[in-house]
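J.: Here it is: the structure, laid out below.
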2 protein chains.
Amino acid sequence: MEVDPKRFLDDLHKLRAFGASGVGKGVVRPAFSQADIAARKWLCERFAQAGLQVEVDPMGNVFGLAEGRSLLLGSHSDSQPEGGWLDGALGVIAALEVARCCDGISVVSFQDEEGRFGGLTGSSVWSGYTAQEDVDKTVDYQGLSLLEARRQIADMVTGPVSPEHFKGFIELHIEQGLTLHAAGEQIGVVTDIVGTREVEVTFEGQQNHAGTTQMHLRKDAVQGMVAYISALNERFRNVVTPTTVWTTGHVTVHPNASSIVPGKVSFSVQWRDADADRLRRMETIVRETAQDIADQAGLATRIGPMWQLEPTPMDNALRAALEGAAATVAPDAWRKMPSGALHDATNVARLMPVAMLFVPSIDGVSHAFDEDTAERDLVAGLQVLAKAAHALTGKV
Amino acid sequence: MEVDPKRFLDDLHKLRAFGASGVGKGVVRPAFSQADIAARKWLCERFAQAGLQVEVDPMGNVFGLAEGRSLLLGSHSDSQPEGGWLDGALGVIAALEVARCCDGISVVSFQDEEGRFGGLTGSSVWSGYTAQEDVDKTVDYQGLSLLEARRQIADMVTGPVSPEHFKGFIELHIEQGLTLHAAGEQIGVVTDIVGTREVEVTFEGQQNHAGTTQMHLRKDAVQGMVAYISALNERFRNVVTPTTVWTTGHVTVHPNASSIVPGKVSFSVQWRDADADRLRRMETIVRETAQDIADQAGLATRIGPMWQLEPTPMDNALRAALEGAAATVAPDAWRKMPSGALHDATNVARLMPVAMLFVPSIDGVSHAFDEDTAERDLVAGLQVLAKAAHALTGKV
């Protein structure tokens, strides 16, 4: 049985109505908001209408189970405080449409992917990576704890859902980047969810009068940062690939006054890549360059503790099915690519084989009301997901 | 009659006792504080004992007048909220000691050089550069207005003091920089008080996800700033002299988050030099480089209004007297140099010929409790001032 693009798009717009912002197609549907809870109840109905057995676990993850061991498809239906209509929602509604047409397909909408209470909270607890009792203490910006928030869905909860139901997991998601849009392509088959490293680098020099301190006698921390970031760009060149990224997004200057030679600057250096070995080589460059610049400029340097997330490779068999389907649906308009963002698939990978596919984000925009994707690309994503699911379940 | 180094140092330490911080030799003697007012009363006594006619103008500037038209020496006796013992005080006490030994010398301690109510406030009003009624509305960080502060010295005020009393002004001051200390020299004869230009440069790019946005698709404002400051350093090389300085001391990044490609950065660019033409050529580089970098990096740029202070050249005759005296007192241990900091002499130059001389600051430290100068350098400064005063008044 074929998927129905019109029914799929209709359902996507119906889900959008829960928390519609009234600004473009944007939504305001954070985890455990009234709009989110209403949307989850609507999903329960839709899953049941598709012949799936509805289960809601204590975190609010909503499952529609096929009979027997099945392939799980899905994503999340909560949004950023000011979010787009497709981030998460696309993967849930596409999974529902595939489940309608293909036996052996279960569906999930994870809860709080967007991190009102941390980040990827629903899939993190479900995968056993974080304990419910620990994360229950987390409070949102208004001081509400997750434990209190979960009371609002107590009537929906059916109980824990065993990962043993599932053979694997595939998540369709918008890219949230510019790669596919800029290349005019329709589909990205994810090779890995990249790993991330982040440190805070500090340079300390000598705070001084910006009028009376000659240039050659200065120990200027901002000039140290400028030399460091330039050197890092240069030295990374021999190590990186076109998909490696690095960012200095946070900068603090002390005392931050225009007439004072800055004595201290701290700034973030974050780098992401799918290859753990490359991440290690970049770390060496980050550390050695800081020392080299400090030595040259007469500054002191220190590097804070490193925050790290390991790369998650996608499962070969699931990936092959997606690649085969992409080559059929969108010949010459698809590519293999890493995911630079984290997704629920990162957590699910602790339990079972996972894979992901992307459709383009117009102008790369996401986490904003004007997030969007061309309808033909949404449908292409649905079709690739459906073909891969058919191939993997063997039940065309 | 010769100056008396011991009496001079004794008086310097007596002035230090007003507002002594108890931390090293530091003082807490901001304008119109109890310590400042008490110090001014003590100065009045000292000036009178030296045979000078004491006058206090409505701003609290304290004058000790010689008979007839005279050469004015002095500086200021107010301090930073946490200040050193020599900043300003040295010039006042050295002037007093010279006046004791040399006819035709008047002395001044200007009020609020350190800017509780603006900056160089006393000399600014005295020179007519700012109107008393305008600056009277200025409030300090505690909300006290200058008008209210001035009420505390109402009993001291004798009335306005005409600039017609004076033929010229010489200010001895600590350097507050590293130049003399680093060179092991004792005296700096100031050529010019440098001019200052300052603008805020903004680069605007595209705020984006630091994981999903490939490097070649980014419009990263911080990377723009890094390229800009590097290019500025490079392009200034053909224009500057060893005494030219430029500084980026204030930086604001938006949204300033480590996982977001920064969409906007604003930062100060300040440059100082004694030559107005060089300041203009640097301005051209500041503006052209911003546009070049913006074009290369796909960023937008804008440059805010320029704040500017013109350079103040020192008077040739007064300078020549200081240079002659320096060559006698400290042969091979003096230099001509610009003043990178503003001083009361900048304002007094609106009324009469002015000149300045510097003694070293140990490690270049100033505006801090541990500001200090070797005693032999303090005495050398006194002796150069005395010799120049004798030569200029012709009354040895």
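Residue numbering restarts at 1 in every chain; chains get A, B, ... in the order shown in the structure tokens, and ligands count up from 1 in that same order.
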Select residues of chain A: the criterion is any atom within 7 Å of an atom of chain B, counting only C-alpha atoms; output as a PyMOL selection string.
T.: chain A and resi 176-178+210-215+226+230+243+245+247-251+253+256-262+268+270+272+339-341
J.: If you keep N, CA, C and O atoms, can you produce a file of those selected residues as a compact mmCIF listing (two decimals), in the first residue's frame?
T.:
```
# COMPACT_ATOMS: atom_id res chain seq x y z
N GLN A 176 17.97 21.43 9.55
CA GLN A 176 18.31 22.55 10.45
C GLN A 176 19.67 23.16 10.12
O GLN A 176 20.30 23.76 10.98
N GLY A 177 20.10 22.94 8.89
CA GLY A 177 21.35 23.54 8.43
C GLY A 177 21.17 23.91 6.97
O GLY A 177 20.09 23.72 6.40
N LEU A 178 22.23 24.41 6.36
CA LEU A 178 22.12 24.93 5.00
C LEU A 178 22.58 23.96 3.91
O LEU A 178 22.43 24.26 2.72
N ALA A 210 45.06 52.51 28.24
CA ALA A 210 45.13 52.39 26.78
C ALA A 210 45.80 53.59 26.12
O ALA A 210 46.02 53.59 24.91
N GLY A 211 46.12 54.63 26.89
CA GLY A 211 46.82 55.77 26.33
C GLY A 211 48.30 55.74 26.63
O GLY A 211 49.12 56.16 25.81
N THR A 212 48.66 55.26 27.81
CA THR A 212 50.05 55.39 28.28
C THR A 212 50.88 54.14 28.08
O THR A 212 52.08 54.16 28.35
N THR A 213 50.27 53.06 27.62
CA THR A 213 51.02 51.81 27.50
C THR A 213 51.38 51.55 26.04
O THR A 213 50.51 51.28 25.22
N GLN A 214 52.66 51.67 25.74
CA GLN A 214 53.12 51.48 24.36
C GLN A 214 52.81 50.05 23.88
O GLN A 214 52.76 49.11 24.66
N MET A 215 52.64 49.92 22.58
CA MET A 215 52.22 48.63 22.00
C MET A 215 53.19 47.51 22.37
O MET A 215 52.76 46.41 22.71
N VAL A 226 42.69 37.11 19.43
CA VAL A 226 42.66 37.29 17.98
C VAL A 226 43.75 36.43 17.32
O VAL A 226 43.50 35.72 16.34
N SER A 230 42.96 33.06 14.89
CA SER A 230 43.59 33.02 13.56
C SER A 230 44.46 31.79 13.41
O SER A 230 44.41 31.08 12.40
N THR A 243 33.06 18.76 6.47
CA THR A 243 31.92 18.72 7.41
C THR A 243 32.34 19.01 8.85
O THR A 243 31.48 19.12 9.72
N VAL A 245 33.25 21.23 11.93
CA VAL A 245 32.96 22.63 12.27
C VAL A 245 33.63 23.00 13.59
O VAL A 245 33.88 22.14 14.43
N THR A 247 33.72 26.62 16.46
CA THR A 247 33.00 27.85 16.76
C THR A 247 33.52 28.50 18.03
O THR A 247 33.72 27.81 19.03
N THR A 248 33.72 29.81 17.97
CA THR A 248 33.84 30.60 19.19
C THR A 248 32.60 31.48 19.24
O THR A 248 32.48 32.44 18.49
N GLY A 249 31.66 31.10 20.09
CA GLY A 249 30.37 31.79 20.15
C GLY A 249 30.21 32.61 21.41
O GLY A 249 29.32 33.45 21.50
N HIS A 250 31.05 32.36 22.42
CA HIS A 250 30.93 33.05 23.71
C HIS A 250 32.26 33.70 24.05
O HIS A 250 33.29 33.04 24.06
N VAL A 251 32.22 35.00 24.33
CA VAL A 251 33.44 35.76 24.64
C VAL A 251 33.17 36.67 25.84
O VAL A 251 32.14 37.35 25.88
N VAL A 253 35.25 39.64 28.02
CA VAL A 253 36.45 40.46 28.13
C VAL A 253 36.43 41.18 29.48
O VAL A 253 35.38 41.66 29.91
N ASN A 256 36.63 45.08 30.08
CA ASN A 256 35.67 45.43 29.01
C ASN A 256 35.38 46.92 28.97
O ASN A 256 34.22 47.34 28.99
N ALA A 257 36.42 47.71 28.89
CA ALA A 257 36.30 49.17 28.81
C ALA A 257 37.20 49.65 27.68
O ALA A 257 38.32 49.18 27.54
N SER A 258 36.69 50.59 26.90
CA SER A 258 37.38 50.96 25.66
C SER A 258 38.73 51.64 25.90
O SER A 258 39.59 51.60 25.04
N SER A 259 38.93 52.25 27.08
CA SER A 259 40.19 52.96 27.35
C SER A 259 41.14 52.14 28.20
O SER A 259 42.09 52.68 28.76
N ILE A 260 40.88 50.85 28.33
CA ILE A 260 41.76 49.99 29.14
C ILE A 260 42.25 48.82 28.29
O ILE A 260 41.44 48.12 27.66
N VAL A 261 43.57 48.62 28.27
CA VAL A 261 44.13 47.45 27.61
C VAL A 261 43.58 46.23 28.35
O VAL A 261 43.79 46.08 29.55
N PRO A 262 42.85 45.35 27.65
CA PRO A 262 42.15 44.27 28.35
C PRO A 262 43.11 43.27 28.98
O PRO A 262 43.99 42.74 28.32
N SER A 268 34.77 30.49 24.46
CA SER A 268 34.48 29.10 24.17
C SER A 268 35.15 28.68 22.86
O SER A 268 35.22 29.47 21.91
N GLN A 270 34.47 25.35 20.54
CA GLN A 270 33.70 24.12 20.39
C GLN A 270 34.01 23.54 19.02
O GLN A 270 34.10 24.28 18.05
N ARG A 272 33.20 19.98 16.34
CA ARG A 272 32.34 18.82 16.13
C ARG A 272 32.81 18.06 14.89
O ARG A 272 33.12 18.66 13.86
N SER A 339 25.17 14.32 10.86
CA SER A 339 24.27 15.24 11.54
C SER A 339 25.09 16.06 12.52
O SER A 339 25.69 15.50 13.45
N GLY A 340 25.09 17.36 12.34
CA GLY A 340 25.83 18.23 13.25
C GLY A 340 25.06 18.50 14.54
O GLY A 340 25.64 18.92 15.53
N ALA A 341 23.76 18.26 14.52
CA ALA A 341 22.93 18.48 15.71
C ALA A 341 22.68 17.15 16.41
O ALA A 341 22.76 16.08 15.81
```
J.: Please provide as a PDB file with all heavy atoms, in the first residue's frame all residues within 8 Å of range 281-293 of chain A, with the sequence filter that same-chain residues fewer than 4 positions apart are discarded (counting only C-alpha atoms).
T.:
```
ATOM      1  N   VAL A 201      38.729  28.697  26.883  1.00  0.00           N
ATOM      2  CA  VAL A 201      40.134  29.109  26.870  1.00  0.00           C
ATOM      3  C   VAL A 201      40.230  30.490  27.507  1.00  0.00           C
ATOM      4  O   VAL A 201      39.425  31.370  27.206  1.00  0.00           O
ATOM      5  CB  VAL A 201      40.678  29.171  25.425  1.00  0.00           C
ATOM      6  CG1 VAL A 201      42.125  29.667  25.406  1.00  0.00           C
ATOM      7  CG2 VAL A 201      40.571  27.805  24.755  1.00  0.00           C
ATOM      8  N   GLY A 224      45.644  38.584  22.167  1.00  0.00           N
ATOM      9  CA  GLY A 224      45.982  37.159  22.293  1.00  0.00           C
ATOM     10  C   GLY A 224      44.889  36.277  21.707  1.00  0.00           C
ATOM     11  O   GLY A 224      45.162  35.326  20.962  1.00  0.00           O
ATOM     12  N   ALA A 227      44.960  36.484  17.872  1.00  0.00           N
ATOM     13  CA  ALA A 227      46.060  35.678  17.320  1.00  0.00           C
ATOM     14  C   ALA A 227      45.739  34.188  17.437  1.00  0.00           C
ATOM     15  O   ALA A 227      46.037  33.394  16.534  1.00  0.00           O
ATOM     16  CB  ALA A 227      47.366  36.008  18.050  1.00  0.00           C
ATOM     17  N   TYR A 228      45.100  33.805  18.549  1.00  0.00           N
ATOM     18  CA  TYR A 228      44.784  32.389  18.793  1.00  0.00           C
ATOM     19  C   TYR A 228      43.759  31.864  17.797  1.00  0.00           C
ATOM     20  O   TYR A 228      43.960  30.812  17.183  1.00  0.00           O
ATOM     21  CB  TYR A 228      44.261  32.235  20.217  1.00  0.00           C
ATOM     22  CG  TYR A 228      43.822  30.830  20.556  1.00  0.00           C
ATOM     23  CD1 TYR A 228      44.756  29.840  20.825  1.00  0.00           C
ATOM     24  CD2 TYR A 228      42.479  30.498  20.594  1.00  0.00           C
ATOM     25  CE1 TYR A 228      44.367  28.548  21.132  1.00  0.00           C
ATOM     26  CE2 TYR A 228      42.076  29.209  20.902  1.00  0.00           C
ATOM     27  CZ  TYR A 228      43.018  28.239  21.174  1.00  0.00           C
ATOM     28  OH  TYR A 228      42.633  26.962  21.463  1.00  0.00           O
ATOM     29  N   ALA A 231      45.289  31.526  14.415  1.00  0.00           N
ATOM     30  CA  ALA A 231      46.213  30.380  14.353  1.00  0.00           C
ATOM     31  C   ALA A 231      45.446  29.059  14.321  1.00  0.00           C
ATOM     32  O   ALA A 231      45.816  28.121  13.607  1.00  0.00           O
ATOM     33  CB  ALA A 231      47.174  30.417  15.539  1.00  0.00           C
ATOM     34  N   LEU A 232      44.353  28.999  15.078  1.00  0.00           N
ATOM     35  CA  LEU A 232      43.539  27.782  15.116  1.00  0.00           C
ATOM     36  C   LEU A 232      42.961  27.503  13.726  1.00  0.00           C
ATOM     37  O   LEU A 232      43.028  26.368  13.226  1.00  0.00           O
ATOM     38  CB  LEU A 232      42.409  27.982  16.127  1.00  0.00           C
ATOM     39  CG  LEU A 232      41.967  26.806  16.980  1.00  0.00           C
ATOM     40  CD1 LEU A 232      43.126  26.171  17.709  1.00  0.00           C
ATOM     41  CD2 LEU A 232      40.919  27.269  17.981  1.00  0.00           C
ATOM     42  N   ARG A 235      45.819  26.143  11.612  1.00  0.00           N
ATOM     43  CA  ARG A 235      46.334  24.817  11.979  1.00  0.00           C
ATOM     44  C   ARG A 235      45.294  23.712  11.784  1.00  0.00           C
ATOM     45  O   ARG A 235      45.651  22.560  11.550  1.00  0.00           O
ATOM     46  CB  ARG A 235      46.820  24.822  13.427  1.00  0.00           C
ATOM     47  CG  ARG A 235      48.031  25.724  13.630  1.00  0.00           C
ATOM     48  CD  ARG A 235      48.542  25.647  15.053  1.00  0.00           C
ATOM     49  NE  ARG A 235      49.637  26.593  15.267  1.00  0.00           N
ATOM     50  CZ  ARG A 235      50.348  26.662  16.380  1.00  0.00           C
ATOM     51  NH1 ARG A 235      50.094  25.823  17.388  1.00  0.00           N
ATOM     52  NH2 ARG A 235      51.318  27.542  16.507  1.00  0.00           N
ATOM     53  N   PHE A 236      44.013  24.057  11.936  1.00  0.00           N
ATOM     54  CA  PHE A 236      42.954  23.065  11.703  1.00  0.00           C
ATOM     55  C   PHE A 236      42.918  22.605  10.241  1.00  0.00           C
ATOM     56  O   PHE A 236      42.503  21.487   9.950  1.00  0.00           O
ATOM     57  CB  PHE A 236      41.585  23.631  12.079  1.00  0.00           C
ATOM     58  CG  PHE A 236      41.249  23.551  13.547  1.00  0.00           C
ATOM     59  CD1 PHE A 236      40.168  24.251  14.059  1.00  0.00           C
ATOM     60  CD2 PHE A 236      41.985  22.759  14.425  1.00  0.00           C
ATOM     61  CE1 PHE A 236      39.839  24.181  15.397  1.00  0.00           C
ATOM     62  CE2 PHE A 236      41.665  22.684  15.778  1.00  0.00           C
ATOM     63  CZ  PHE A 236      40.585  23.401  16.261  1.00  0.00           C
ATOM     64  N   VAL A 239      43.781  19.144   9.181  1.00  0.00           N
ATOM     65  CA  VAL A 239      43.174  18.052   9.941  1.00  0.00           C
ATOM     66  C   VAL A 239      41.707  17.854   9.580  1.00  0.00           C
ATOM     67  O   VAL A 239      41.196  16.740   9.619  1.00  0.00           O
ATOM     68  CB  VAL A 239      43.307  18.341  11.458  1.00  0.00           C
ATOM     69  CG1 VAL A 239      42.598  17.289  12.285  1.00  0.00           C
ATOM     70  CG2 VAL A 239      44.776  18.443  11.849  1.00  0.00           C
ATOM     71  N   TRP A 271      34.208  22.212  18.949  1.00  0.00           N
ATOM     72  CA  TRP A 271      34.444  21.608  17.646  1.00  0.00           C
ATOM     73  C   TRP A 271      33.674  20.295  17.552  1.00  0.00           C
ATOM     74  O   TRP A 271      33.466  19.617  18.552  1.00  0.00           O
ATOM     75  CB  TRP A 271      35.941  21.439  17.350  1.00  0.00           C
ATOM     76  CG  TRP A 271      36.758  20.580  18.268  1.00  0.00           C
ATOM     77  CD1 TRP A 271      37.234  19.330  18.025  1.00  0.00           C
ATOM     78  CD2 TRP A 271      37.252  20.918  19.594  1.00  0.00           C
ATOM     79  NE1 TRP A 271      37.991  18.865  19.094  1.00  0.00           N
ATOM     80  CE2 TRP A 271      38.010  19.813  20.053  1.00  0.00           C
ATOM     81  CE3 TRP A 271      37.118  22.044  20.424  1.00  0.00           C
ATOM     82  CZ2 TRP A 271      38.625  19.803  21.321  1.00  0.00           C
ATOM     83  CZ3 TRP A 271      37.724  22.025  21.675  1.00  0.00           C
ATOM     84  CH2 TRP A 271      38.468  20.920  22.100  1.00  0.00           C
ATOM     85  N   ASP A 277      38.812  10.191  16.355  1.00  0.00           N
ATOM     86  CA  ASP A 277      40.254  10.421  16.233  1.00  0.00           C
ATOM     87  C   ASP A 277      40.530  11.850  15.776  1.00  0.00           C
ATOM     88  O   ASP A 277      41.451  12.517  16.263  1.00  0.00           O
ATOM     89  CB  ASP A 277      40.855   9.418  15.249  1.00  0.00           C
ATOM     90  CG  ASP A 277      42.365   9.583  15.160  1.00  0.00           C
ATOM     91  OD1 ASP A 277      43.020   9.513  16.227  1.00  0.00           O
ATOM     92  OD2 ASP A 277      42.877   9.806  14.045  1.00  0.00           O
ATOM     93  N   ALA A 297      53.086  35.927  23.213  1.00  0.00           N
ATOM     94  CA  ALA A 297      52.514  37.235  23.564  1.00  0.00           C
ATOM     95  C   ALA A 297      52.745  37.595  25.025  1.00  0.00           C
ATOM     96  O   ALA A 297      52.267  38.628  25.479  1.00  0.00           O
ATOM     97  CB  ALA A 297      51.011  37.224  23.257  1.00  0.00           C
ATOM     98  N   LEU A 299      51.542  36.105  27.637  1.00  0.00           N
ATOM     99  CA  LEU A 299      50.296  35.948  28.388  1.00  0.00           C
ATOM    100  C   LEU A 299      50.329  34.642  29.172  1.00  0.00           C
ATOM    101  O   LEU A 299      51.116  33.745  28.876  1.00  0.00           O
ATOM    102  CB  LEU A 299      49.105  35.919  27.419  1.00  0.00           C
ATOM    103  CG  LEU A 299      48.954  37.120  26.482  1.00  0.00           C
ATOM    104  CD1 LEU A 299      47.915  36.830  25.410  1.00  0.00           C
ATOM    105  CD2 LEU A 299      48.571  38.362  27.276  1.00  0.00           C
ATOM    106  N   THR A 301      47.900  31.348  30.077  1.00  0.00           N
ATOM    107  CA  THR A 301      46.708  30.724  29.501  1.00  0.00           C
ATOM    108  C   THR A 301      46.285  29.557  30.370  1.00  0.00           C
ATOM    109  O   THR A 301      47.110  28.930  31.040  1.00  0.00           O
ATOM    110  CB  THR A 301      46.948  30.248  28.058  1.00  0.00           C
ATOM    111  OG1 THR A 301      45.700  29.803  27.504  1.00  0.00           O
ATOM    112  CG2 THR A 301      47.937  29.098  28.001  1.00  0.00           C
ATOM    113  N   ILE A 303      43.052  26.302  30.225  1.00  0.00           N
ATOM    114  CA  ILE A 303      41.938  25.712  29.480  1.00  0.00           C
ATOM    115  C   ILE A 303      41.077  24.960  30.482  1.00  0.00           C
ATOM    116  O   ILE A 303      41.578  24.127  31.240  1.00  0.00           O
ATOM    117  CB  ILE A 303      42.475  24.789  28.368  1.00  0.00           C
ATOM    118  CG1 ILE A 303      43.190  25.664  27.323  1.00  0.00           C
ATOM    119  CG2 ILE A 303      41.355  23.979  27.734  1.00  0.00           C
ATOM    120  CD1 ILE A 303      43.664  24.933  26.098  1.00  0.00           C
TER     121      ILE A 303
END
```
J.: Between A:Ser127, A:Val135, A:Pro163, A:Asp10, which residue has the minimum interatomic distance to Phe63 in chain A, considering only C-alpha atoms?
T.: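 Of all the options, A:Pro163 lies closest to Phe63 in chain A.
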J.: Quick check for you: according to DSSP on this backbone, which residues of range 97-338 of chain B are classed as helix (DSSP H, G or I)? Reply as a PyMOL selection string.
T.: chain B and resi 97-101+121-126+132-135+146-151+163-165+179-183+215-217+221-236+276-297+316-329
J.: May I have the residues within 10 Å of range 116-118 of chain A as a list in words, using only C-alpha atoms and disregarding those fewer than 5 positions away in the same chain?
T.: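 Final neighbour list, sorted by chain and number: Pro30, Ala31, Phe32, Asp78, Ser79, Gln80, Pro81, Gln111, Ser124, Val135, Asp136, Lys137, Thr138, Val139, Asp140, Tyr141, Leu144, Ser145, Leu146 and Ala149 of chain A.
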J.: Would you return as number ranges by chain the members of range 36-98 of chain A that DSSP assigns to strand (DSSP E) on this structure's backbone?
T.: A: 53-56, 62-65, 70-76
J.: Write out the residues from the selection above, keeping N, CA, C and O atoms, as a tab-separated table (two decimals), in the first residue's frame.
T.:
```
chain	number	residue	atom	x	y	z
A	53	GLN	N	-1.33	-0.06	18.95
A	53	GLN	CA	-1.68	-0.10	20.37
A	53	GLN	C	-0.99	1.08	21.07
A	53	GLN	O	0.23	1.20	21.06
A	54	VAL	N	-1.77	1.96	21.67
A	54	VAL	CA	-1.21	3.19	22.26
A	54	VAL	C	-0.63	2.92	23.65
A	54	VAL	O	-1.29	2.30	24.49
A	55	GLU	N	0.57	3.36	23.85
A	55	GLU	CA	1.20	3.29	25.18
A	55	GLU	C	1.83	4.65	25.47
A	55	GLU	O	2.44	5.25	24.58
A	56	VAL	N	1.69	5.13	26.70
A	56	VAL	CA	2.36	6.37	27.11
A	56	VAL	C	3.19	6.04	28.34
A	56	VAL	O	2.66	5.56	29.34
A	62	VAL	N	5.06	9.03	23.77
A	62	VAL	CA	3.84	8.39	23.26
A	62	VAL	C	4.22	7.38	22.18
A	62	VAL	O	4.87	7.74	21.19
A	63	PHE	N	3.85	6.11	22.39
A	63	PHE	CA	4.14	5.04	21.43
A	63	PHE	C	2.86	4.54	20.79
A	63	PHE	O	1.82	4.47	21.44
A	64	GLY	N	2.95	4.16	19.51
A	64	GLY	CA	1.91	3.39	18.85
A	64	GLY	C	2.54	2.08	18.40
A	64	GLY	O	3.39	2.08	17.51
A	65	LEU	N	2.17	0.98	19.05
A	65	LEU	CA	2.89	-0.27	18.83
A	65	LEU	C	2.21	-1.15	17.80
A	65	LEU	O	0.99	-1.40	17.87
A	70	SER	N	8.96	-4.98	16.05
A	70	SER	CA	8.71	-4.10	14.92
A	70	SER	C	9.85	-3.11	14.74
A	70	SER	O	10.75	-3.02	15.58
A	71	LEU	N	9.78	-2.39	13.64
A	71	LEU	CA	10.72	-1.29	13.38
A	71	LEU	C	10.07	-0.01	13.91
A	71	LEU	O	8.93	0.30	13.56
A	72	LEU	N	10.81	0.72	14.76
A	72	LEU	CA	10.27	1.94	15.35
A	72	LEU	C	10.66	3.14	14.49
A	72	LEU	O	11.83	3.31	14.14
A	73	LEU	N	9.67	3.96	14.15
A	73	LEU	CA	9.92	5.22	13.45
A	73	LEU	C	9.38	6.36	14.31
A	73	LEU	O	8.43	6.16	15.07
A	74	GLY	N	9.96	7.54	14.17
A	74	GLY	CA	9.40	8.68	14.91
A	74	GLY	C	10.43	9.73	15.23
A	74	GLY	O	11.56	9.72	14.72
A	75	SER	N	10.01	10.64	16.09
A	75	SER	CA	10.85	11.76	16.49
A	75	SER	C	10.18	12.38	17.73
A	75	SER	O	9.82	11.62	18.65
A	76	HIS	N	9.97	13.67	17.77
A	76	HIS	CA	9.36	14.31	18.95
A	76	HIS	C	8.31	15.32	18.49
A	76	HIS	O	8.43	15.88	17.39
```
J.: Which neighbours of Leu43 in chain B fall inside 12 Å, counting only C-alpha atoms, when residues of the same chain fewer than 3 positions from it are skipped, and could you give them as a PyMOL selection string?
T.: chain B and resi 11-12+14-15+18+36-40+46-50+52-56+60-64+74+76-77+89+92-93+95-96+107-110+156
J.: Go through B:Ala183, B:Ala274, B:Leu172, B:Ala386 and flag the residue nearest Trp334 in chain B, using only C-alpha atoms for the distances.
T.: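 When distances to Trp334 in chain B are compared using only C-alpha atoms, the smallest one comes from B:Ala183.
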J.: Fewer than 3 positions away in the same chain doesn't count, so skip those; otherwise give me all residues within 12 Å of Asn316 in chain B, counting only C-alpha atoms, as a PyMOL selection string.
T.: chain B and resi 168+189-192+313+319-323+353-356
